[in-house]
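Below is one structure, written out as structure tokens, with a few remarks after it.
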Amino acid sequence: MTMAKCVADYNIIIPHPVSMEMTTGHDGFRLDKNAAITCSKTLDRESSFLRQYINDVSSIELNKRKGAHRILLLITQPVKGISPEAYTIRINSKEIRISASSSAGIFYGIQSLRKSIQPTKTEFILFPAAIIHDAPRFAYRGMHIDVSRHFFTVDFLKRYIDILALHNINRMHLHLTDDQGWRMPVPKYPLLTTIGAKRSGTMIGRDFSSNDSIPYSGAYTTEELRSLVKYASERHIEIIPEIDMPGHMLGVLSAYPQLGCTGGPYQVWTKWGVSDDVLCAGNPQTLQFLQDVFAEVCDIFPSEYIHIGGDECPKIRWKNCPKCQAKIKELGIKEEGQYGAENKLQSYIQESIEKYLSSRGRHVIGWDEMLEGGITPDATIMSWRGTGGGMEAAKQGHDVIMTPVSNCYFDYYQSDDRSKEPLAFNSYLPLKKVFEYNPCPDKTPDSIASHIIGVQANLWTEYIPTDTHAEYMLLPRLAALSEVGWCNIKGSYTDFISRLTHLTLLYNRYQYNFRKLDDKDIGDTTK
Ligand code: TNX
């Protein structure tokens, strides 16, 4: 009986490693069930991922044990100036050695190894002799998901995390609250998840005057969120929770109308867009409420960063609210211009929360509108309305994460032939445009470049009601984003497309629902 065999190919890995040197003239490593995985106890988790991944793409079952013929996972001394996520893989006939200064680096080495294999029912895999060095371009490589407009279960979010890990993403931004539903329990405010998490219906398609009248709701338990944090962290992904404030707050206002300028009544929104009703900035209860909520956020999420929103907060209610106007006076705000003083009032709320979070040892991230009334230099800015806001913020000394609508909005159509696509946000973002994005163009002065800490894509879910649909919008654009965030030197789009056809075999293996490349995507390679 002939045994099915498979030869690993390092040239198909996405994201492409920094350097690969084939050690020609040397035999490669034959991986079969007799090979051992050897590592210290601290890498037990990584070793079980490796075992699982190899088994997913072959018939080989490996075990952690000592052995001369082995895959060795090895933690080395950190080297100044080298990312802890960097790794080296050395392959000869005796061993595959993955070394890094942290378990995250080992994890990325393992990810690369698994992506060099074509899934088959093989009983042995030949790994050609080689030395691979790799390190990420950016420390922050994020992917977002909006669980307010549509709710996604923790089981799905875990699958989402698996997909992110496959693409070397290390941050998942969880957009937990919005006008259309509040999803996180806060024991002191129980109505948030009873009233604030339920809407009476949802608009149909893009028709803002329609409503399907089907009640829609969803909220996580604290235990579920904790289990998500743990699941992500095992895969070297930090969850960054977002409480979007002081706008996008109808979920809260419907439950606690006293926190709004007019006192309501308010309803959890059944349509998309930007609501004029926002938190009342002049009501002292508002700051107390926010502090209580962020205290709970800190208890559940251990992340270095907490996202405090700050986007799309119309100022019309504040302009007409006696409490807000009194607050403006009390604070001595003198700004002129239509909403100059109200913009400053938003800064006041943000800065109070920023102070609180910094007392808990956390850094804040906010959308680029946060800059409008000014914000402490410690805040990290997420630049979404283009890259200008991000560049300006970096100039002012803020750290910046680039996530411009032009290249990073995965809720947009993937094809300009909309008849073949599910309904999406009314805009277009083809794979190639994601791939071509450079968050920090070559000519950027060092003083600015050093503040651009990374890149993120966003999956807003107004038009994404199901798990399979979310996967479809995510893949394969996430593969392009992973090259943007990881690779210092990007190869050609043609080469990317040819590697992507291999990665899609893995997508198939895990039954990820991805958009198949069409002639246009492939044809684009000639341009
Ligand atoms: C803008 S990006 C929003 C979201 C929408 C999205 C749709 C940002 C900070 N705000 O509320 O869901 O556009 O693409």
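Here, A, B, ... name the chains of the structure tokens in the order displayed, residue numbers run from 1 inside each chain, and ligands are numbered from 1 in the same displayed order.
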
- Enumerate as a ChimeraX atom specification the residues within 9 Å of ligand 1, counting only C-alpha atoms and all ligand atoms. /A:146,149,178,244,248,272-274,309-312,366-369,382-385,403-405,409-412,425-427,458-462

Expected file contents, prior selection, N, CA and C atoms, as a short mmCIF file (atom, residue, chain, number, x, y, z; two decimals), in the first residue's frame:
data_model
loop_
_atom_site.label_atom_id
_atom_site.label_comp_id
_atom_site.auth_asym_id
_atom_site.auth_seq_id
_atom_site.Cartn_x
_atom_site.Cartn_y
_atom_site.Cartn_z
N ASP A 146 -18.66 43.89 15.89
CA ASP A 146 -19.77 44.62 16.50
C ASP A 146 -20.83 43.58 16.90
N ARG A 149 -25.27 45.56 16.91
CA ARG A 149 -26.24 45.64 15.81
C ARG A 149 -26.81 44.26 15.54
N ASP A 178 -24.23 49.67 21.79
CA ASP A 178 -24.57 50.67 20.79
C ASP A 178 -26.06 50.99 20.90
N ASP A 244 -19.05 52.29 23.92
CA ASP A 244 -19.06 53.46 23.04
C ASP A 244 -19.89 54.57 23.69
N HIS A 248 -24.09 57.01 20.70
CA HIS A 248 -24.40 55.57 20.49
C HIS A 248 -24.89 54.91 21.78
N TRP A 272 -30.53 51.74 11.74
CA TRP A 272 -29.10 52.06 11.81
C TRP A 272 -28.90 53.56 11.70
N GLY A 273 -27.70 54.01 11.93
CA GLY A 273 -27.41 55.43 11.76
C GLY A 273 -26.93 56.06 13.05
N VAL A 274 -27.03 57.39 13.11
CA VAL A 274 -26.50 58.12 14.26
C VAL A 274 -27.67 58.84 14.95
N GLY A 309 -14.85 54.62 22.89
CA GLY A 309 -15.71 55.12 21.81
C GLY A 309 -15.37 56.55 21.44
N GLY A 310 -16.37 57.44 21.59
CA GLY A 310 -16.13 58.85 21.29
C GLY A 310 -16.58 59.28 19.91
N ASP A 311 -17.06 58.33 19.07
CA ASP A 311 -17.42 58.67 17.70
C ASP A 311 -18.85 59.18 17.63
N GLU A 312 -19.12 59.86 16.54
CA GLU A 312 -20.48 60.23 16.13
C GLU A 312 -21.38 60.61 17.30
N GLY A 366 -9.68 55.64 21.66
CA GLY A 366 -10.93 56.23 21.22
C GLY A 366 -10.90 56.48 19.72
N TRP A 367 -12.09 56.61 19.13
CA TRP A 367 -12.20 56.93 17.70
C TRP A 367 -11.68 58.34 17.47
N ASP A 368 -11.37 58.66 16.22
CA ASP A 368 -10.62 59.91 15.97
C ASP A 368 -11.39 61.19 16.31
N GLU A 369 -12.73 61.12 16.42
CA GLU A 369 -13.48 62.31 16.83
C GLU A 369 -13.03 62.80 18.20
N MET A 382 -7.87 55.76 17.32
CA MET A 382 -8.19 54.86 16.23
C MET A 382 -8.71 55.70 15.07
N SER A 383 -7.95 55.76 14.01
CA SER A 383 -8.25 56.67 12.91
C SER A 383 -9.12 55.95 11.89
N TRP A 384 -10.42 56.31 11.84
CA TRP A 384 -11.34 55.57 10.96
C TRP A 384 -11.85 56.41 9.81
N ARG A 385 -11.92 57.77 10.00
CA ARG A 385 -12.51 58.59 8.94
C ARG A 385 -11.47 58.95 7.88
N THR A 403 -7.26 52.48 10.95
CA THR A 403 -8.37 51.62 10.53
C THR A 403 -9.30 52.40 9.60
N PRO A 404 -8.73 52.97 8.52
CA PRO A 404 -9.52 53.86 7.67
C PRO A 404 -10.61 53.13 6.88
N VAL A 405 -11.76 53.80 6.73
CA VAL A 405 -12.85 53.21 5.95
C VAL A 405 -12.38 52.80 4.55
N TYR A 409 -12.71 48.55 6.15
CA TYR A 409 -14.10 48.33 6.59
C TYR A 409 -14.68 47.09 5.90
N PHE A 410 -14.72 46.00 6.68
CA PHE A 410 -15.12 44.72 6.09
C PHE A 410 -16.64 44.56 6.02
N ASP A 411 -17.38 45.61 6.43
CA ASP A 411 -18.84 45.54 6.22
C ASP A 411 -19.21 46.04 4.82
N TYR A 412 -18.21 46.48 4.04
CA TYR A 412 -18.46 46.96 2.68
C TYR A 412 -18.45 45.78 1.70
N PHE A 425 -23.19 47.16 3.65
CA PHE A 425 -23.12 48.61 3.77
C PHE A 425 -22.84 49.16 2.37
N ASN A 426 -23.42 50.32 2.09
CA ASN A 426 -23.41 50.83 0.72
C ASN A 426 -22.04 51.39 0.31
N SER A 427 -21.04 50.54 0.27
CA SER A 427 -19.71 50.97 -0.14
C SER A 427 -18.91 49.73 -0.56
N ASN A 458 -12.44 46.52 10.69
CA ASN A 458 -13.66 46.53 11.48
C ASN A 458 -14.79 45.78 10.79
N LEU A 459 -15.53 45.04 11.59
CA LEU A 459 -16.69 44.34 11.06
C LEU A 459 -17.94 44.84 11.79
N TRP A 460 -18.50 45.90 11.22
CA TRP A 460 -19.77 46.44 11.73
C TRP A 460 -20.88 45.54 11.20
N THR A 461 -21.87 45.27 12.04
CA THR A 461 -22.77 44.17 11.66
C THR A 461 -24.22 44.58 11.39
N GLU A 462 -24.42 45.85 11.01
CA GLU A 462 -25.79 46.25 10.67
C GLU A 462 -26.41 45.28 9.67
#

- Item | Nearby residues (only C-alpha atoms) at most 10 Å from segment 293-303 of chain A, same-chain spacing under 3 positions excluded, as a VMD selection string | chain A and resid 171 184 to 189 222 to 223 225 to 230 233 237 to 243 287 to 290 306 308 353 356 to 357 360 to 363

- Item | Pairwise distance for atom CA of Gly264 of chain A and atom CA of Lys315 of chain A, rounded to one decimal in Å | 16.6 Å

- Task: Quick one: everything within 9 Å of Glu436 of chain A, counting only C-alpha atoms, minus sequence neighbours fewer than 5 positions away in the same chain. Send it as a list of chain:residue names.
- Result: A:Asn407, A:Leu431, A:Ala480, A:Val484, A:Lys490, A:Tyr493

Picked from segment 104-191 of chain A by DSSP as strand (DSSP E or B), as a CSV table (one decimal) with all heavy atoms, in the first residue's frame:
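Below you can see states02.csv, which holds the result:
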chain,number,residue,atom,x,y,z
A,124,PHE,N,2.6,10.9,6.6
A,124,PHE,CA,3.8,11.7,6.9
A,124,PHE,C,4.0,12.9,6.0
A,124,PHE,O,3.5,13.0,4.9
A,124,PHE,CB,5.1,10.8,6.8
A,124,PHE,CG,5.6,10.5,5.5
A,124,PHE,CD1,6.6,11.3,4.9
A,124,PHE,CD2,5.2,9.3,4.8
A,124,PHE,CE1,7.1,11.0,3.6
A,124,PHE,CE2,5.7,9.1,3.5
A,124,PHE,CZ,6.6,9.9,2.9
A,125,ILE,N,4.7,13.9,6.6
A,125,ILE,CA,4.9,15.1,5.9
A,125,ILE,C,6.4,15.4,5.9
A,125,ILE,O,7.1,15.2,6.9
A,125,ILE,CB,4.3,16.3,6.7
A,125,ILE,CG1,2.8,16.1,6.9
A,125,ILE,CG2,4.5,17.6,6.0
A,125,ILE,CD1,2.1,17.0,7.9
A,126,LEU,N,6.9,15.7,4.7
A,126,LEU,CA,8.3,16.0,4.6
A,126,LEU,C,8.5,17.6,4.7
A,126,LEU,O,7.9,18.3,3.9
A,126,LEU,CB,8.9,15.5,3.3
A,126,LEU,CG,10.4,15.7,3.2
A,126,LEU,CD1,11.1,14.8,4.1
A,126,LEU,CD2,10.8,15.5,1.7
A,127,PHE,N,9.3,18.0,5.6
A,127,PHE,CA,9.6,19.4,5.8
A,127,PHE,C,11.0,19.6,5.2
A,127,PHE,O,12.0,19.2,5.8
A,127,PHE,CB,9.5,19.9,7.2
A,127,PHE,CG,8.1,20.0,7.8
A,127,PHE,CD1,7.5,18.8,8.4
A,127,PHE,CD2,7.4,21.1,7.7
A,127,PHE,CE1,6.2,18.9,8.9
A,127,PHE,CE2,6.1,21.2,8.2
A,127,PHE,CZ,5.5,20.1,8.8
A,130,ALA,N,15.5,24.0,6.1
A,130,ALA,CA,15.4,25.5,5.9
A,130,ALA,C,15.7,26.2,7.2
A,130,ALA,O,15.6,25.6,8.3
A,130,ALA,CB,14.0,25.8,5.3
A,131,ILE,N,15.9,27.5,7.1
A,131,ILE,CA,15.9,28.4,8.2
A,131,ILE,C,15.0,29.5,7.9
A,131,ILE,O,15.1,30.2,6.9
A,131,ILE,CB,17.3,29.0,8.5
A,131,ILE,CG1,18.3,27.8,8.8
A,131,ILE,CG2,17.3,29.9,9.7
A,131,ILE,CD1,19.7,28.3,9.0
A,132,ILE,N,14.0,29.7,8.8
A,132,ILE,CA,13.0,30.8,8.6
A,132,ILE,C,13.1,31.8,9.8
A,132,ILE,O,13.1,31.4,10.9
A,132,ILE,CB,11.6,30.2,8.6
A,132,ILE,CG1,11.4,29.2,7.4
A,132,ILE,CG2,10.5,31.3,8.5
A,132,ILE,CD1,10.1,28.4,7.5
A,133,HIS,N,13.3,33.1,9.5
A,133,HIS,CA,13.3,34.1,10.5
A,133,HIS,C,12.1,34.9,10.3
A,133,HIS,O,11.7,35.3,9.1
A,133,HIS,CB,14.5,35.0,10.4
A,133,HIS,CG,15.8,34.3,10.8
A,133,HIS,ND1,16.1,33.9,12.0
A,133,HIS,CD2,16.9,34.0,10.0
A,133,HIS,CE1,17.3,33.4,12.1
A,133,HIS,NE2,17.8,33.4,10.8
A,134,ASP,N,11.4,35.3,11.3
A,134,ASP,CA,10.2,36.1,11.1
A,134,ASP,C,9.9,37.0,12.3
A,134,ASP,O,10.3,36.6,13.5
A,134,ASP,CB,9.0,35.1,10.9
A,134,ASP,CG,7.8,35.8,10.2
A,134,ASP,OD1,8.0,37.0,9.8
A,134,ASP,OD2,6.8,35.2,10.1
A,140,TYR,N,0.5,46.0,17.2
A,140,TYR,CA,-0.9,46.0,17.3
A,140,TYR,C,-1.5,45.5,16.0
A,140,TYR,O,-1.5,46.2,15.0
A,140,TYR,CB,-1.5,47.4,17.7
A,140,TYR,CG,-3.0,47.4,18.0
A,140,TYR,CD1,-3.5,47.6,19.2
A,140,TYR,CD2,-3.9,47.1,16.9
A,140,TYR,CE1,-4.9,47.6,19.5
A,140,TYR,CE2,-5.3,47.2,17.2
A,140,TYR,CZ,-5.8,47.4,18.5
A,140,TYR,OH,-7.1,47.4,18.7
A,141,ARG,N,-2.1,44.3,16.0
A,141,ARG,CA,-2.7,43.8,14.7
A,141,ARG,C,-4.1,43.4,15.1
A,141,ARG,O,-4.4,42.3,15.7
A,141,ARG,CB,-1.9,42.6,14.2
A,141,ARG,CG,-0.4,43.0,13.9
A,141,ARG,CD,0.4,41.8,13.4
A,141,ARG,NE,0.4,40.7,14.3
A,141,ARG,CZ,1.1,40.6,15.4
A,141,ARG,NH1,2.0,41.5,15.7
A,141,ARG,NH2,1.1,39.5,16.2
A,142,GLY,N,-5.1,44.3,14.8
A,142,GLY,CA,-6.4,44.1,15.4
A,142,GLY,C,-7.5,43.7,14.4
A,142,GLY,O,-7.4,44.0,13.2
A,143,MET,N,-8.5,43.0,14.9
A,143,MET,CA,-9.8,42.8,14.2
A,143,MET,C,-10.9,43.0,15.1
A,143,MET,O,-10.8,42.7,16.3
A,143,MET,CB,-9.8,41.3,13.7
A,143,MET,CG,-10.9,41.0,12.8
A,143,MET,SD,-10.9,42.0,11.2
A,143,MET,CE,-12.7,42.4,11.0
A,144,HIS,N,-11.9,43.7,14.6
A,144,HIS,CA,-13.0,44.2,15.4
A,144,HIS,C,-14.3,43.3,15.1
A,144,HIS,O,-14.4,42.8,14.0
A,144,HIS,CB,-13.2,45.7,15.1
A,144,HIS,CG,-14.5,46.3,15.2
A,144,HIS,ND1,-15.6,46.0,14.3
A,144,HIS,CD2,-15.0,47.3,16.0
A,144,HIS,CE1,-16.6,46.8,14.6
A,144,HIS,NE2,-16.3,47.5,15.7
A,145,ILE,N,-15.2,43.3,16.1
A,145,ILE,CA,-16.5,42.8,15.7
A,145,ILE,C,-17.6,43.5,16.6
A,145,ILE,O,-17.4,43.8,17.7
A,145,ILE,CB,-16.7,41.3,15.9
A,145,ILE,CG1,-18.0,40.8,15.4
A,145,ILE,CG2,-16.4,40.8,17.3
A,145,ILE,CD1,-18.2,39.3,15.1
A,146,ASP,N,-18.7,43.9,15.9
A,146,ASP,CA,-19.8,44.6,16.5
A,146,ASP,C,-20.8,43.6,16.9
A,146,ASP,O,-21.4,42.9,16.0
A,146,ASP,CB,-20.3,45.6,15.4
A,146,ASP,CG,-21.6,46.2,15.7
A,146,ASP,OD1,-22.2,46.1,16.8
A,146,ASP,OD2,-22.2,46.8,14.7
A,171,ARG,N,-5.2,41.2,18.5
A,171,ARG,CA,-6.1,42.0,19.3
A,171,ARG,C,-7.5,41.8,18.7
A,171,ARG,O,-7.7,41.8,17.5
A,171,ARG,CB,-5.8,43.5,19.3
A,171,ARG,CG,-4.5,43.9,19.8
A,171,ARG,CD,-4.4,43.9,21.3
A,171,ARG,NE,-3.1,43.8,21.8
A,171,ARG,CZ,-2.1,44.6,21.7
A,171,ARG,NH1,-2.3,45.7,21.1
A,171,ARG,NH2,-0.9,44.4,22.2
A,172,MET,N,-8.5,41.5,19.6
A,172,MET,CA,-9.9,41.5,19.1
A,172,MET,C,-10.6,42.6,19.8
A,172,MET,O,-10.8,42.6,21.0
A,172,MET,CB,-10.6,40.2,19.4
A,172,MET,CG,-12.0,40.2,18.8
A,172,MET,SD,-12.8,38.6,18.8
A,172,MET,CE,-13.6,38.6,20.4
A,173,HIS,N,-11.1,43.6,19.0
A,173,HIS,CA,-11.8,44.7,19.6
A,173,HIS,C,-13.3,44.3,19.6
A,173,HIS,O,-13.9,44.0,18.5
A,173,HIS,CB,-11.5,45.9,18.6
A,173,HIS,CG,-12.3,47.1,18.8
A,173,HIS,ND1,-12.1,48.3,18.2
A,173,HIS,CD2,-13.4,47.4,19.6
A,173,HIS,CE1,-12.9,49.2,18.5
A,173,HIS,NE2,-13.8,48.7,19.4
A,174,LEU,N,-13.9,44.3,20.8
A,174,LEU,CA,-15.3,43.8,20.9
A,174,LEU,C,-16.2,45.1,21.2
A,174,LEU,O,-16.1,45.6,22.3
A,174,LEU,CB,-15.3,42.9,22.1
A,174,LEU,CG,-16.5,42.0,22.4
A,174,LEU,CD1,-16.9,41.2,21.2
A,174,LEU,CD2,-16.3,41.1,23.6
A,175,HIS,N,-16.9,45.4,20.2
A,175,HIS,CA,-17.8,46.6,20.3
A,175,HIS,C,-19.1,46.1,21.0
A,175,HIS,O,-20.0,45.6,20.3
A,175,HIS,CB,-18.1,47.1,18.9
A,175,HIS,CG,-18.9,48.3,18.8
A,175,HIS,ND1,-18.4,49.6,19.0
A,175,HIS,CD2,-20.2,48.5,18.5
A,175,HIS,CE1,-19.3,50.5,18.9
A,175,HIS,NE2,-20.5,49.9,18.6
A,177,THR,N,-21.5,47.7,22.9
A,177,THR,CA,-22.7,48.5,23.2
A,177,THR,C,-23.0,49.4,22.1
A,177,THR,O,-22.0,49.9,21.4
A,177,THR,CB,-22.5,49.3,24.5
A,177,THR,OG1,-21.5,50.3,24.2
A,177,THR,CG2,-22.1,48.5,25.7
A,178,ASP,N,-24.2,49.7,21.8
A,178,ASP,CA,-24.6,50.7,20.8
A,178,ASP,C,-26.1,51.0,20.9
A,178,ASP,O,-26.7,50.5,21.8
A,178,ASP,CB,-24.2,50.2,19.4
A,178,ASP,CG,-23.7,51.3,18.5
A,178,ASP,OD1,-24.5,52.3,18.3
A,178,ASP,OD2,-22.6,51.3,18.0
A,181,GLY,N,-28.5,47.9,21.0
A,181,GLY,CA,-28.5,46.9,22.0
A,181,GLY,C,-27.2,46.9,22.9
A,181,GLY,O,-26.1,47.1,22.4
A,182,TRP,N,-27.5,46.8,24.2
A,182,TRP,CA,-26.4,46.7,25.2
A,182,TRP,C,-26.1,45.3,25.5
A,182,TRP,O,-27.1,44.5,25.8
A,182,TRP,CB,-26.8,47.5,26.4
A,182,TRP,CG,-25.8,47.5,27.5
A,182,TRP,CD1,-25.5,46.5,28.4
A,182,TRP,CD2,-24.9,48.6,27.8
A,182,TRP,NE1,-24.5,46.9,29.2
A,182,TRP,CE2,-24.1,48.1,28.9
A,182,TRP,CE3,-24.6,49.9,27.3
A,182,TRP,CZ2,-23.1,48.9,29.5
A,182,TRP,CZ3,-23.6,50.6,27.9
A,182,TRP,CH2,-22.9,50.2,29.0

Could you list, with a cut-off of 6 Å and counting only C-alpha atoms, the residues of segment 71-157 of chain A near segment 37-51 of chain A, each shown with its nearest atom pair and the distance in Å rounded to one decimal, rows sorted by chain and ascending number, as CSV?
residue,atom,partner,partner_atom,distance
A:Ile71,CA,A:Ile37,CA,4.8
A:Leu72,CA,A:Thr38,CA,4.9
A:Leu73,CA,A:Cys39,CA,5.1

- Message: Please compute the atom CA of Glu372 of chain A-atom CA of Asn438 of chain A distance, one decimal, in Å.
- Response: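 Rounded to one decimal, the two atoms are 25.1 Å apart.
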
Identify, with DSSP run on backbone atoms, the residues in segment 144-236 of chain A assigned to helix (DSSP H, G or I), and express the list as a CSV table (one decimal) with N, CA, C and O atoms, in the first residue's frame.
chain,number,residue,atom,x,y,z
A,154,VAL,N,-21.0,33.4,22.2
A,154,VAL,CA,-19.7,33.2,22.7
A,154,VAL,C,-19.0,32.1,21.9
A,154,VAL,O,-17.9,32.1,21.5
A,155,ASP,N,-19.8,31.0,21.5
A,155,ASP,CA,-19.3,29.9,20.7
A,155,ASP,C,-18.8,30.5,19.4
A,155,ASP,O,-17.7,30.1,18.9
A,156,PHE,N,-19.6,31.3,18.8
A,156,PHE,CA,-19.1,31.9,17.5
A,156,PHE,C,-17.9,32.8,17.7
A,156,PHE,O,-16.9,32.7,16.9
A,157,LEU,N,-17.9,33.6,18.8
A,157,LEU,CA,-16.8,34.4,19.0
A,157,LEU,C,-15.5,33.6,19.2
A,157,LEU,O,-14.4,34.1,18.8
A,158,LYS,N,-15.6,32.4,19.8
A,158,LYS,CA,-14.4,31.6,19.9
A,158,LYS,C,-13.9,31.1,18.6
A,158,LYS,O,-12.7,31.1,18.3
A,159,ARG,N,-14.9,30.8,17.7
A,159,ARG,CA,-14.5,30.4,16.3
A,159,ARG,C,-13.8,31.6,15.6
A,159,ARG,O,-12.8,31.4,14.9
A,160,TYR,N,-14.4,32.7,15.8
A,160,TYR,CA,-13.8,34.0,15.3
A,160,TYR,C,-12.4,34.1,15.7
A,160,TYR,O,-11.5,34.5,15.0
A,161,ILE,N,-12.2,33.9,17.0
A,161,ILE,CA,-10.8,34.0,17.6
A,161,ILE,C,-9.9,33.0,16.9
A,161,ILE,O,-8.7,33.3,16.6
A,162,ASP,N,-10.3,31.8,16.7
A,162,ASP,CA,-9.5,30.8,16.0
A,162,ASP,C,-9.1,31.3,14.6
A,162,ASP,O,-8.0,31.1,14.2
A,163,ILE,N,-10.0,32.0,14.0
A,163,ILE,CA,-9.7,32.5,12.6
A,163,ILE,C,-8.7,33.6,12.8
A,163,ILE,O,-7.7,33.7,12.0
A,164,LEU,N,-8.9,34.5,13.8
A,164,LEU,CA,-7.9,35.6,13.9
A,164,LEU,C,-6.5,35.0,14.2
A,164,LEU,O,-5.5,35.5,13.7
A,165,ALA,N,-6.4,34.0,15.0
A,165,ALA,CA,-5.1,33.4,15.4
A,165,ALA,C,-4.5,32.8,14.1
A,165,ALA,O,-3.2,33.0,14.0
A,166,LEU,N,-5.2,32.2,13.3
A,166,LEU,CA,-4.7,31.6,12.0
A,166,LEU,C,-4.0,32.7,11.2
A,166,LEU,O,-3.2,32.5,10.4
A,191,LEU,N,-31.1,46.7,34.5
A,191,LEU,CA,-32.0,47.0,33.3
A,191,LEU,C,-31.2,47.0,32.0
A,191,LEU,O,-31.8,47.0,30.9
A,192,LEU,N,-29.9,47.2,32.1
A,192,LEU,CA,-29.1,47.3,30.8
A,192,LEU,C,-29.3,46.1,30.0
A,192,LEU,O,-29.3,46.1,28.8
A,193,THR,N,-29.3,44.9,30.6
A,193,THR,CA,-29.4,43.7,29.9
A,193,THR,C,-30.8,43.1,29.8
A,193,THR,O,-31.1,42.1,29.1
A,194,THR,N,-31.7,43.7,30.6
A,194,THR,CA,-33.1,43.3,30.4
A,194,THR,C,-33.8,44.2,29.3
A,194,THR,O,-34.2,43.8,28.2
A,222,THR,N,-21.5,37.3,32.7
A,222,THR,CA,-20.1,37.6,33.0
A,222,THR,C,-19.2,36.4,32.8
A,222,THR,O,-18.1,36.5,32.3
A,223,GLU,N,-19.7,35.2,33.2
A,223,GLU,CA,-18.9,34.0,33.0
A,223,GLU,C,-18.5,33.8,31.5
A,223,GLU,O,-17.4,33.4,31.2
A,224,GLU,N,-19.5,34.0,30.7
A,224,GLU,CA,-19.2,33.8,29.2
A,224,GLU,C,-18.1,34.8,28.8
A,224,GLU,O,-17.2,34.4,28.1
A,225,LEU,N,-18.2,36.0,29.2
A,225,LEU,CA,-17.2,37.0,28.8
A,225,LEU,C,-15.8,36.6,29.4
A,225,LEU,O,-14.8,36.7,28.7
A,226,ARG,N,-15.8,36.1,30.6
A,226,ARG,CA,-14.5,35.7,31.2
A,226,ARG,C,-13.9,34.5,30.4
A,226,ARG,O,-12.7,34.4,30.2
A,227,SER,N,-14.8,33.6,30.0
A,227,SER,CA,-14.3,32.4,29.3
A,227,SER,C,-13.8,32.9,27.9
A,227,SER,O,-12.8,32.3,27.4
A,228,LEU,N,-14.4,33.9,27.4
A,228,LEU,CA,-13.9,34.4,26.1
A,228,LEU,C,-12.5,35.0,26.2
A,228,LEU,O,-11.6,34.8,25.4
A,229,VAL,N,-12.4,35.8,27.3
A,229,VAL,CA,-11.1,36.4,27.6
A,229,VAL,C,-10.0,35.4,27.7
A,229,VAL,O,-8.9,35.5,27.1
A,230,LYS,N,-10.3,34.3,28.4
A,230,LYS,CA,-9.3,33.2,28.6
A,230,LYS,C,-9.0,32.5,27.3
A,230,LYS,O,-7.8,32.3,26.9
A,231,TYR,N,-10.1,32.2,26.5
A,231,TYR,CA,-9.9,31.5,25.3
A,231,TYR,C,-9.0,32.3,24.3
A,231,TYR,O,-8.1,31.8,23.7
A,232,ALA,N,-9.3,33.6,24.3
A,232,ALA,CA,-8.4,34.5,23.4
A,232,ALA,C,-7.0,34.6,23.9
A,232,ALA,O,-6.1,34.4,23.1
A,233,SER,N,-6.8,34.7,25.2
A,233,SER,CA,-5.5,34.9,25.7
A,233,SER,C,-4.6,33.6,25.5
A,233,SER,O,-3.4,33.7,25.3
A,234,GLU,N,-5.3,32.5,25.6
A,234,GLU,CA,-4.5,31.2,25.3
A,234,GLU,C,-4.0,31.3,23.8
A,234,GLU,O,-3.0,30.6,23.5

- Message: Just checking: using only C-alpha atoms, which residue out of A:Met203, A:Leu505, A:Ile464, A:Val364 ends up closest to Val147 of chain A?
- Response: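 Looking at the shortest contact to Val147 of chain A, the residue is A:Ile464.
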
- Query: Quick one: residues within 7 Å of Asn63 of chain A, only C-alpha atoms counted, chain neighbours fewer than 2 positions away excluded, as a list in words?
  - Reply: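 Answer for this query is Ala36, Ile37, Glu61 and Arg65 of chain A.
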
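One finds atom CA of Asp519 of chain A at 12.8 Å from atom CA of Thr494 of chain A.
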